[in-house]
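A.B. asks: Here it is, the structure, as structure tokens.
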Amino acid sequence: MSKIKDKFRRLLKENVNFRILMTILMVWGLSRLIMIALVPITNLICDTHKDFAMSINVWDAEHYADIMKYGYTYPTDVDPQANWAFFPLYPLICMFVRAISFNHLSAYVTGMIVSNICIIIAAFYSAKIVTDLGLNYGDGKKVKLRGSESKEGKVEYSWILISILLFASPYAFYAGSTYTESLFIMTIALSFYNIIKKNYLAAGFFAMLTSATRIVGCILVFPIIIEMFFDWIRLEDRKIPHIKDFKKFCRCLWDFILYELKRPVDIFSVMIAPLGTFAYMFFLRIFCGDPWAFMHVQIAWRDDNYFPIIEVLWKACTGQLELRYTYMGWFCIVAFALYGYMIYRKYISMAIFGIIALLIPLTSHVMSTPRFIIGVWVTYIGVYDLLARMPKILRVLITTALIVIESFMIFYWYQEFYWFM
């Protein structure tokens, strides 16, 4: 036993990756204990008799469970919400995990296992991004927490903070249930990790997995291209012309295109990014005759018809829709402000990805946008940067408030509160 303890201490002291993993697992374990503890509390207050799996897996989790058990099916007269609205990578992974357990695991338990593993991996690479690689990769500077410089053998506070944001901040409960949030966040984090490492082929591969999880994953081509452009600018020791000088700006872009056309690996890295979505569209073309079926079936969830983005946000923010949509509309405004802050801090590619990923759902409605905003991962980096620059006491107070808000959200999530649909 003493040898095991000595080896454990040595690993903590000498292996940074091991320290990151232990920190993440500690925060993850505490966050899940809160989730589990809230189950009997909710049952007592609401006079229900649900277990943890039934409490946390509501709404769309039922669709993912059905796909795991029966595959993609046609809608019925009773339920027009066809499950082909949901992209295939997450249920395919869950089906594989169930298969190797010889179907002894329930669909919900399988989904929770996959989700928790994915969000732990996402937290690990997020921690590496905010420490080893630095955040502000636009100018090469690192953002460290104020008043919390790391010492040898001590846990880096930044790991705890990014873990809290991923495991225990508002809407983080999605990543512990049978939803795609955790896989989506993980593949985005891995893509950006490789973008920062300038390994664009790996970044394109994880972008492909992201696009097989949700259609928004396709737009990871933009961060990859943007970072390739910045690399070229630094390599050529050039300055980006002001957009007002349109001819010079276009000439700069054309020179960049010519440069990239001579780099087949870069071209391939960009081209494979949307293949996950294209593969699913090909399947739908065979399955139901409509490659865009995942979009057309959305009418089964909502049939509102607004002018994209502008009217959607205007009606939501001015209270012309339900109260929950007013809240979601202003949540979107705050998200856009955060992405603007990220551009100011030189997280250009991350911010552009977040903005486009939010504009896509706003073409139809504000429904579920808080979930989508949290699910694109870059939001966590923006919030982390904000908190990292604050005085320690303010950072601790805000982080504590986020945990408390998340606890209340979990309580209402267990009651299937319709604001979280």
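Each chain of the structure tokens is named A, B, ... in the order shown, its residues numbered from 1; ligands are numbered from 1 in display order.
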Can you list, as a PDB file with all heavy atoms, in the first residue's frame, every protein, DNA or RNA residue that comes within 7 Å of stretch 227-240 of chain A when you count only C-alpha atoms, leaving out same-chain residues fewer than 3 positions away?
C.D. replies:
```pdb
ATOM      1  N   PRO A 223     -12.890  28.200 -38.321  1.00  0.00           N
ATOM      2  CA  PRO A 223     -11.721  28.356 -37.439  1.00  0.00           C
ATOM      3  C   PRO A 223     -10.445  27.769 -38.028  1.00  0.00           C
ATOM      4  O   PRO A 223      -9.367  28.353 -37.873  1.00  0.00           O
ATOM      5  CB  PRO A 223     -12.137  27.595 -36.168  1.00  0.00           C
ATOM      6  CG  PRO A 223     -13.613  27.609 -36.169  1.00  0.00           C
ATOM      7  CD  PRO A 223     -14.010  27.561 -37.610  1.00  0.00           C
ATOM      8  N   ILE A 224     -10.564  26.624 -38.698  1.00  0.00           N
ATOM      9  CA  ILE A 224      -9.375  26.005 -39.293  1.00  0.00           C
ATOM     10  C   ILE A 224      -8.779  26.913 -40.358  1.00  0.00           C
ATOM     11  O   ILE A 224      -7.566  27.180 -40.376  1.00  0.00           O
ATOM     12  CB  ILE A 224      -9.721  24.619 -39.883  1.00  0.00           C
ATOM     13  CG1 ILE A 224     -10.126  23.646 -38.767  1.00  0.00           C
ATOM     14  CG2 ILE A 224      -8.542  24.063 -40.667  1.00  0.00           C
ATOM     15  CD1 ILE A 224     -10.648  22.306 -39.271  1.00  0.00           C
ATOM     16  N   PHE A 256      -3.113  34.174 -50.260  1.00  0.00           N
ATOM     17  CA  PHE A 256      -3.274  33.098 -49.265  1.00  0.00           C
ATOM     18  C   PHE A 256      -3.867  31.847 -49.912  1.00  0.00           C
ATOM     19  O   PHE A 256      -3.413  30.723 -49.658  1.00  0.00           O
ATOM     20  CB  PHE A 256      -4.170  33.567 -48.117  1.00  0.00           C
ATOM     21  CG  PHE A 256      -4.664  32.465 -47.218  1.00  0.00           C
ATOM     22  CD1 PHE A 256      -3.779  31.748 -46.427  1.00  0.00           C
ATOM     23  CD2 PHE A 256      -6.020  32.141 -47.185  1.00  0.00           C
ATOM     24  CE1 PHE A 256      -4.236  30.722 -45.600  1.00  0.00           C
ATOM     25  CE2 PHE A 256      -6.476  31.120 -46.361  1.00  0.00           C
ATOM     26  CZ  PHE A 256      -5.584  30.414 -45.570  1.00  0.00           C
ATOM     27  N   SER A 349     -10.777  33.057 -34.070  1.00  0.00           N
ATOM     28  CA  SER A 349     -11.407  31.867 -34.663  1.00  0.00           C
ATOM     29  C   SER A 349     -12.461  31.272 -33.734  1.00  0.00           C
ATOM     30  O   SER A 349     -13.508  30.807 -34.191  1.00  0.00           O
ATOM     31  CB  SER A 349     -10.351  30.815 -35.006  1.00  0.00           C
ATOM     32  OG  SER A 349      -9.619  30.430 -33.869  1.00  0.00           O
TER      33      SER A 349
END
```
A.B. asks: So which bits of stretch 106-275 of chain A end up helix (DSSP H, G or I) when you DSSP the backbone, as a ChimeraX atom specification?
C.D. replies: /A:107-131,157-168,172-176,181-196,200-211,215-236,246-261,264-271,275
A.B. asks: Kindly provide the residues of stretch 279-373 of chain A that approach stretch 56-71 of chain A to within 12 Å, each paired with its closest atom pair and their distance in Å to one decimal, based on only C-alpha atoms, listed by chain and increasing number, as a Markdown table.
C.D. replies:
```
| residue | atom | partner | partner_atom | distance |
| --- | --- | --- | --- | --- |
| A:Phe287 | CA | A:Gly71 | CA | 11.5 |
| A:Trp301 | CA | A:Asp60 | CA | 11.3 |
| A:Ser368 | CA | A:Asp60 | CA | 11.6 |
```
A.B. asks: Okay, now the selection with all heavy atoms, as a PDB file, in the first residue's frame?
C.D. replies:
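New file result.pdb:
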```pdb
ATOM      1  N   PHE A 287     -32.583   6.181 -46.725  1.00  0.00           N
ATOM      2  CA  PHE A 287     -33.551   5.744 -45.719  1.00  0.00           C
ATOM      3  C   PHE A 287     -34.958   6.280 -45.972  1.00  0.00           C
ATOM      4  O   PHE A 287     -35.942   5.536 -45.903  1.00  0.00           O
ATOM      5  CB  PHE A 287     -33.063   6.169 -44.330  1.00  0.00           C
ATOM      6  CG  PHE A 287     -33.976   5.779 -43.209  1.00  0.00           C
ATOM      7  CD1 PHE A 287     -34.075   4.455 -42.810  1.00  0.00           C
ATOM      8  CD2 PHE A 287     -34.736   6.730 -42.541  1.00  0.00           C
ATOM      9  CE1 PHE A 287     -34.917   4.083 -41.771  1.00  0.00           C
ATOM     10  CE2 PHE A 287     -35.580   6.376 -41.500  1.00  0.00           C
ATOM     11  CZ  PHE A 287     -35.675   5.053 -41.113  1.00  0.00           C
ATOM     12  N   TRP A 301     -41.546  20.078 -34.198  1.00  0.00           N
ATOM     13  CA  TRP A 301     -41.249  20.706 -32.910  1.00  0.00           C
ATOM     14  C   TRP A 301     -41.814  22.129 -32.833  1.00  0.00           C
ATOM     15  O   TRP A 301     -42.284  22.565 -31.803  1.00  0.00           O
ATOM     16  CB  TRP A 301     -39.729  20.742 -32.672  1.00  0.00           C
ATOM     17  CG  TRP A 301     -39.185  19.472 -32.098  1.00  0.00           C
ATOM     18  CD1 TRP A 301     -38.943  19.194 -30.776  1.00  0.00           C
ATOM     19  CD2 TRP A 301     -38.826  18.282 -32.809  1.00  0.00           C
ATOM     20  NE1 TRP A 301     -38.454  17.922 -30.635  1.00  0.00           N
ATOM     21  CE2 TRP A 301     -38.364  17.330 -31.862  1.00  0.00           C
ATOM     22  CE3 TRP A 301     -38.848  17.925 -34.154  1.00  0.00           C
ATOM     23  CZ2 TRP A 301     -37.932  16.063 -32.220  1.00  0.00           C
ATOM     24  CZ3 TRP A 301     -38.411  16.663 -34.514  1.00  0.00           C
ATOM     25  CH2 TRP A 301     -37.966  15.734 -33.553  1.00  0.00           C
ATOM     26  N   SER A 368     -34.265  26.715 -27.141  1.00  0.00           N
ATOM     27  CA  SER A 368     -33.090  25.900 -26.806  1.00  0.00           C
ATOM     28  C   SER A 368     -31.758  26.601 -27.039  1.00  0.00           C
ATOM     29  O   SER A 368     -30.707  25.964 -26.919  1.00  0.00           O
ATOM     30  CB  SER A 368     -33.094  24.576 -27.584  1.00  0.00           C
ATOM     31  OG  SER A 368     -34.248  23.822 -27.305  1.00  0.00           O
TER      32      SER A 368
END
```
A.B. asks: Here is a test: counting only C-alpha atoms, which residue of A:Ala85, A:Thr180, A:Arg98, A:Glu260 is nearest to A:Trp292?
C.D. replies: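 With only C-alpha atoms as the atom set, the closest residue is A:Ala85.
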A.B. asks: For A:Thr42, which residue among A:Lys5, A:Gln415, A:Val334, A:Phe420 is the nearest when counting only C-alpha atoms?
C.D. replies: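 Among A:Lys5, A:Gln415, A:Val334, A:Phe420, it is A:Gln415 that comes nearest to A:Thr42.
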A.B. asks: Just want the 12 Å neighbourhood of A:Phe18, counted on only C-alpha atoms, with same-chain residues fewer than 5 positions away dropped. Output as a list in words.
C.D. replies: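 Non-adjacent residues within range: Lys7, Phe8, Arg9, Arg10, Leu11, Leu12, Lys13, Thr23, Ile24, Leu25, Phe124, Ala127, Lys128, Gly153, Val155 and Trp159 of chain A.
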A.B. asks: Could the residues in this selection be written to a file with C-alpha atoms, as a compact mmCIF listing (two decimals), in the first residue's frame?
C.D. replies:
```
# COMPACT_ATOMS: atom_id res chain seq x y z
CA LYS A 7 3.96 6.15 -6.73
CA PHE A 8 0.78 8.23 -6.60
CA ARG A 9 2.62 11.14 -4.92
CA ARG A 10 5.45 10.91 -7.43
CA LEU A 11 3.02 11.00 -10.33
CA LEU A 12 1.27 14.03 -8.85
CA LYS A 13 4.58 15.81 -8.48
CA THR A 23 -8.07 17.61 -10.49
CA ILE A 24 -10.72 17.07 -13.14
CA LEU A 25 -11.93 13.82 -11.60
CA PHE A 124 -8.82 17.44 -19.76
CA ALA A 127 -7.32 22.36 -19.05
CA LYS A 128 -4.34 21.75 -21.32
CA GLY A 153 3.47 19.96 -6.43
CA VAL A 155 -2.75 21.94 -8.18
CA TRP A 159 -7.73 23.46 -13.94
```
A.B. asks: For atom CA of A:Ala351 and atom CA of A:Tyr339, determine how far apart the two atoms are, in Å to one decimal place.
C.D. replies: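 Distance reported for this atom pair: 4.9 Å.
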A.B. asks: Using atom CA of A:Gly354 and atom CA of A:Val376 as the two end points, give the distance in Å to one decimal.
C.D. replies: 6.6 Å
A.B. asks: Pick out the residues sitting within 12 Å of A:Tyr179, and hand them over as a PDB file with N, CA, C and O atoms, in the first residue's frame; count only C-alpha atoms, and ignore anything fewer than 6 positions along from it in its own chain.
C.D. replies:
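Okay, this is what ended up in selection-v9.pdb:
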```
ATOM      1  N   ILE A  56     -32.650  12.425 -14.578  1.00  0.00           N
ATOM      2  CA  ILE A  56     -31.798  13.282 -15.399  1.00  0.00           C
ATOM      3  C   ILE A  56     -32.039  13.098 -16.895  1.00  0.00           C
ATOM      4  O   ILE A  56     -31.705  13.971 -17.693  1.00  0.00           O
ATOM      5  N   ASN A  57     -32.644  11.990 -17.292  1.00  0.00           N
ATOM      6  CA  ASN A  57     -32.850  11.713 -18.716  1.00  0.00           C
ATOM      7  C   ASN A  57     -34.289  11.992 -19.121  1.00  0.00           C
ATOM      8  O   ASN A  57     -35.148  11.109 -19.090  1.00  0.00           O
ATOM      9  N   VAL A  58     -34.531  13.243 -19.510  1.00  0.00           N
ATOM     10  CA  VAL A  58     -35.880  13.654 -19.919  1.00  0.00           C
ATOM     11  C   VAL A  58     -35.805  14.276 -21.310  1.00  0.00           C
ATOM     12  O   VAL A  58     -34.734  14.472 -21.879  1.00  0.00           O
ATOM     13  N   TRP A  59     -36.992  14.580 -21.860  1.00  0.00           N
ATOM     14  CA  TRP A  59     -37.125  15.234 -23.150  1.00  0.00           C
ATOM     15  C   TRP A  59     -36.392  14.468 -24.250  1.00  0.00           C
ATOM     16  O   TRP A  59     -36.697  13.327 -24.503  1.00  0.00           O
ATOM     17  N   ASP A  60     -35.396  15.072 -24.889  1.00  0.00           N
ATOM     18  CA  ASP A  60     -34.740  14.440 -26.049  1.00  0.00           C
ATOM     19  C   ASP A  60     -33.996  13.161 -25.693  1.00  0.00           C
ATOM     20  O   ASP A  60     -33.695  12.357 -26.587  1.00  0.00           O
ATOM     21  N   ALA A  61     -33.684  12.957 -24.426  1.00  0.00           N
ATOM     22  CA  ALA A  61     -33.007  11.716 -24.021  1.00  0.00           C
ATOM     23  C   ALA A  61     -33.837  10.491 -24.418  1.00  0.00           C
ATOM     24  O   ALA A  61     -33.278   9.438 -24.726  1.00  0.00           O
ATOM     25  N   GLU A  62     -35.131  10.630 -24.414  1.00  0.00           N
ATOM     26  CA  GLU A  62     -36.003   9.524 -24.804  1.00  0.00           C
ATOM     27  C   GLU A  62     -35.798   9.163 -26.283  1.00  0.00           C
ATOM     28  O   GLU A  62     -35.815   7.984 -26.653  1.00  0.00           O
ATOM     29  N   HIS A  63     -35.601  10.180 -27.112  1.00  0.00           N
ATOM     30  CA  HIS A  63     -35.357   9.921 -28.533  1.00  0.00           C
ATOM     31  C   HIS A  63     -34.036   9.191 -28.735  1.00  0.00           C
ATOM     32  O   HIS A  63     -33.956   8.243 -29.534  1.00  0.00           O
ATOM     33  N   TYR A  64     -32.998   9.633 -28.034  1.00  0.00           N
ATOM     34  CA  TYR A  64     -31.691   8.971 -28.174  1.00  0.00           C
ATOM     35  C   TYR A  64     -31.755   7.530 -27.661  1.00  0.00           C
ATOM     36  O   TYR A  64     -31.136   6.628 -28.236  1.00  0.00           O
ATOM     37  N   ALA A  65     -32.505   7.313 -26.591  1.00  0.00           N
ATOM     38  CA  ALA A  65     -32.661   5.948 -26.069  1.00  0.00           C
ATOM     39  C   ALA A  65     -33.373   5.062 -27.092  1.00  0.00           C
ATOM     40  O   ALA A  65     -32.995   3.894 -27.282  1.00  0.00           O
ATOM     41  N   PHE A  86     -32.145  13.755 -35.146  1.00  0.00           N
ATOM     42  CA  PHE A  86     -30.969  13.670 -34.290  1.00  0.00           C
ATOM     43  C   PHE A  86     -29.828  12.978 -35.023  1.00  0.00           C
ATOM     44  O   PHE A  86     -30.001  11.870 -35.533  1.00  0.00           O
ATOM     45  N   PHE A  87     -28.677  13.627 -35.036  1.00  0.00           N
ATOM     46  CA  PHE A  87     -27.533  13.121 -35.796  1.00  0.00           C
ATOM     47  C   PHE A  87     -26.981  11.835 -35.180  1.00  0.00           C
ATOM     48  O   PHE A  87     -27.150  11.571 -33.978  1.00  0.00           O
ATOM     49  N   PRO A  88     -26.243  11.030 -35.958  1.00  0.00           N
ATOM     50  CA  PRO A  88     -26.026   9.629 -35.582  1.00  0.00           C
ATOM     51  C   PRO A  88     -24.822   9.290 -34.717  1.00  0.00           C
ATOM     52  O   PRO A  88     -24.796   8.213 -34.128  1.00  0.00           O
ATOM     53  N   LEU A  89     -23.798  10.148 -34.628  1.00  0.00           N
ATOM     54  CA  LEU A  89     -22.554   9.692 -33.987  1.00  0.00           C
ATOM     55  C   LEU A  89     -22.755   9.306 -32.526  1.00  0.00           C
ATOM     56  O   LEU A  89     -22.277   8.249 -32.086  1.00  0.00           O
ATOM     57  N   TYR A  90     -23.462  10.146 -31.772  1.00  0.00           N
ATOM     58  CA  TYR A  90     -23.674   9.845 -30.353  1.00  0.00           C
ATOM     59  C   TYR A  90     -24.435   8.533 -30.150  1.00  0.00           C
ATOM     60  O   TYR A  90     -23.971   7.656 -29.404  1.00  0.00           O
ATOM     61  N   PRO A  91     -25.592   8.339 -30.790  1.00  0.00           N
ATOM     62  CA  PRO A  91     -26.282   7.052 -30.602  1.00  0.00           C
ATOM     63  C   PRO A  91     -25.482   5.859 -31.115  1.00  0.00           C
ATOM     64  O   PRO A  91     -25.570   4.759 -30.540  1.00  0.00           O
ATOM     65  N   CYS A  94     -23.089   4.977 -28.394  1.00  0.00           N
ATOM     66  CA  CYS A  94     -23.851   4.346 -27.302  1.00  0.00           C
ATOM     67  C   CYS A  94     -24.255   2.916 -27.666  1.00  0.00           C
ATOM     68  O   CYS A  94     -24.203   2.010 -26.814  1.00  0.00           O
ATOM     69  N   ALA A 107     -30.424   1.747 -21.873  1.00  0.00           N
ATOM     70  CA  ALA A 107     -30.078   2.822 -22.812  1.00  0.00           C
ATOM     71  C   ALA A 107     -29.660   4.080 -22.066  1.00  0.00           C
ATOM     72  O   ALA A 107     -28.687   4.747 -22.448  1.00  0.00           O
ATOM     73  N   TYR A 108     -30.391   4.411 -20.998  1.00  0.00           N
ATOM     74  CA  TYR A 108     -30.067   5.619 -20.243  1.00  0.00           C
ATOM     75  C   TYR A 108     -28.719   5.513 -19.542  1.00  0.00           C
ATOM     76  O   TYR A 108     -27.915   6.450 -19.558  1.00  0.00           O
ATOM     77  N   VAL A 109     -28.450   4.393 -18.913  1.00  0.00           N
ATOM     78  CA  VAL A 109     -27.162   4.206 -18.239  1.00  0.00           C
ATOM     79  C   VAL A 109     -26.025   4.268 -19.251  1.00  0.00           C
ATOM     80  O   VAL A 109     -24.983   4.886 -19.006  1.00  0.00           O
ATOM     81  N   THR A 110     -26.225   3.659 -20.410  1.00  0.00           N
ATOM     82  CA  THR A 110     -25.215   3.714 -21.470  1.00  0.00           C
ATOM     83  C   THR A 110     -24.952   5.148 -21.897  1.00  0.00           C
ATOM     84  O   THR A 110     -23.797   5.576 -22.012  1.00  0.00           O
ATOM     85  N   GLY A 111     -26.034   5.885 -22.132  1.00  0.00           N
ATOM     86  CA  GLY A 111     -25.890   7.282 -22.538  1.00  0.00           C
ATOM     87  C   GLY A 111     -25.163   8.110 -21.499  1.00  0.00           C
ATOM     88  O   GLY A 111     -24.312   8.954 -21.838  1.00  0.00           O
ATOM     89  N   MET A 112     -25.458   7.871 -20.224  1.00  0.00           N
ATOM     90  CA  MET A 112     -24.799   8.617 -19.155  1.00  0.00           C
ATOM     91  C   MET A 112     -23.310   8.275 -19.073  1.00  0.00           C
ATOM     92  O   MET A 112     -22.474   9.149 -18.835  1.00  0.00           O
ATOM     93  N   ILE A 113     -22.972   7.011 -19.264  1.00  0.00           N
ATOM     94  CA  ILE A 113     -21.556   6.601 -19.246  1.00  0.00           C
ATOM     95  C   ILE A 113     -20.796   7.303 -20.367  1.00  0.00           C
ATOM     96  O   ILE A 113     -19.729   7.895 -20.154  1.00  0.00           O
ATOM     97  N   VAL A 114     -21.348   7.242 -21.581  1.00  0.00           N
ATOM     98  CA  VAL A 114     -20.700   7.872 -22.731  1.00  0.00           C
ATOM     99  C   VAL A 114     -20.575   9.378 -22.521  1.00  0.00           C
ATOM    100  O   VAL A 114     -19.507   9.970 -22.753  1.00  0.00           O
ATOM    101  N   SER A 115     -21.642  10.015 -22.066  1.00  0.00           N
ATOM    102  CA  SER A 115     -21.637  11.463 -21.864  1.00  0.00           C
ATOM    103  C   SER A 115     -20.591  11.882 -20.831  1.00  0.00           C
ATOM    104  O   SER A 115     -19.851  12.855 -21.043  1.00  0.00           O
ATOM    105  N   ASN A 116     -20.534  11.164 -19.725  1.00  0.00           N
ATOM    106  CA  ASN A 116     -19.584  11.548 -18.677  1.00  0.00           C
ATOM    107  C   ASN A 116     -18.143  11.322 -19.101  1.00  0.00           C
ATOM    108  O   ASN A 116     -17.260  12.133 -18.778  1.00  0.00           O
ATOM    109  N   CYS A 118     -17.048  11.510 -22.173  1.00  0.00           N
ATOM    110  CA  CYS A 118     -16.762  12.564 -23.159  1.00  0.00           C
ATOM    111  C   CYS A 118     -16.491  13.904 -22.493  1.00  0.00           C
ATOM    112  O   CYS A 118     -15.551  14.616 -22.879  1.00  0.00           O
ATOM    113  N   ILE A 119     -17.286  14.266 -21.489  1.00  0.00           N
ATOM    114  CA  ILE A 119     -17.096  15.582 -20.865  1.00  0.00           C
ATOM    115  C   ILE A 119     -15.825  15.603 -20.023  1.00  0.00           C
ATOM    116  O   ILE A 119     -15.181  16.651 -19.875  1.00  0.00           O
ATOM    117  N   TYR A 171     -26.501  24.917 -16.992  1.00  0.00           N
ATOM    118  CA  TYR A 171     -26.760  24.062 -18.146  1.00  0.00           C
ATOM    119  C   TYR A 171     -25.746  22.936 -18.304  1.00  0.00           C
ATOM    120  O   TYR A 171     -25.826  22.165 -19.265  1.00  0.00           O
ATOM    121  N   ALA A 172     -24.821  22.787 -17.354  1.00  0.00           N
ATOM    122  CA  ALA A 172     -23.842  21.695 -17.449  1.00  0.00           C
ATOM    123  C   ALA A 172     -24.494  20.331 -17.245  1.00  0.00           C
ATOM    124  O   ALA A 172     -23.900  19.309 -17.595  1.00  0.00           O
ATOM    125  N   PHE A 173     -25.710  20.301 -16.690  1.00  0.00           N
ATOM    126  CA  PHE A 173     -26.369  19.007 -16.448  1.00  0.00           C
ATOM    127  C   PHE A 173     -26.652  18.255 -17.746  1.00  0.00           C
ATOM    128  O   PHE A 173     -26.764  17.028 -17.745  1.00  0.00           O
ATOM    129  N   ILE A 185     -19.166  18.915 -27.281  1.00  0.00           N
ATOM    130  CA  ILE A 185     -18.152  19.731 -26.610  1.00  0.00           C
ATOM    131  C   ILE A 185     -16.777  19.081 -26.725  1.00  0.00           C
ATOM    132  O   ILE A 185     -15.773  19.753 -26.982  1.00  0.00           O
ATOM    133  N   THR A 213     -22.136  14.797 -35.261  1.00  0.00           N
ATOM    134  CA  THR A 213     -22.877  14.909 -33.999  1.00  0.00           C
ATOM    135  C   THR A 213     -23.991  15.930 -34.109  1.00  0.00           C
ATOM    136  O   THR A 213     -25.096  15.725 -33.622  1.00  0.00           O
ATOM    137  N   ARG A 214     -23.678  17.060 -34.761  1.00  0.00           N
ATOM    138  CA  ARG A 214     -24.676  18.095 -35.071  1.00  0.00           C
ATOM    139  C   ARG A 214     -24.240  18.804 -36.336  1.00  0.00           C
ATOM    140  O   ARG A 214     -23.041  18.915 -36.612  1.00  0.00           O
ATOM    141  N   ARG A 371     -28.914  26.254 -24.388  1.00  0.00           N
ATOM    142  CA  ARG A 371     -28.266  24.940 -24.494  1.00  0.00           C
ATOM    143  C   ARG A 371     -27.273  24.917 -25.649  1.00  0.00           C
ATOM    144  O   ARG A 371     -26.167  24.375 -25.532  1.00  0.00           O
ATOM    145  N   PHE A 372     -27.641  25.527 -26.783  1.00  0.00           N
ATOM    146  CA  PHE A 372     -26.739  25.550 -27.931  1.00  0.00           C
ATOM    147  C   PHE A 372     -25.514  26.423 -27.654  1.00  0.00           C
ATOM    148  O   PHE A 372     -24.405  26.101 -28.082  1.00  0.00           O
ATOM    149  N   GLY A 375     -23.216  24.585 -25.500  1.00  0.00           N
ATOM    150  CA  GLY A 375     -22.737  23.387 -26.169  1.00  0.00           C
ATOM    151  C   GLY A 375     -21.639  23.595 -27.190  1.00  0.00           C
ATOM    152  O   GLY A 375     -21.045  22.622 -27.648  1.00  0.00           O
TER     153      GLY A 375
END
```
A.B. asks: Separation of atom CA of A:Ala189 and atom CA of A:Leu402, in Å?
C.D. replies: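 Computing the Euclidean distance for atom CA of A:Ala189 and atom CA of A:Leu402 yields 21.6 Å.
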A.B. asks: Need to verify the contact set: A:Val265, 12 Å, only C-alpha atoms, exclusion of same-chain residues closer than 6 positions in sequence. Can you return it as a PDB file with C-alpha atoms, in the first residue's frame?
C.D. replies:
```
ATOM      1  CA  ASN A 199      -2.051  20.007 -36.441  1.00  0.00           C
ATOM      2  CA  TYR A 200      -4.749  20.821 -38.960  1.00  0.00           C
ATOM      3  CA  LEU A 201      -5.247  17.293 -40.220  1.00  0.00           C
ATOM      4  CA  ALA A 202      -6.242  16.116 -36.720  1.00  0.00           C
ATOM      5  CA  ALA A 203      -8.347  19.270 -36.311  1.00  0.00           C
ATOM      6  CA  GLY A 204     -10.211  18.421 -39.524  1.00  0.00           C
ATOM      7  CA  PHE A 205     -10.739  14.844 -38.362  1.00  0.00           C
ATOM      8  CA  MET A 228      -4.261  28.782 -41.411  1.00  0.00           C
ATOM      9  CA  MET A 271     -12.513  19.190 -46.952  1.00  0.00           C
ATOM     10  CA  ILE A 272     -13.024  16.373 -44.436  1.00  0.00           C
TER      11      ILE A 272
END
```
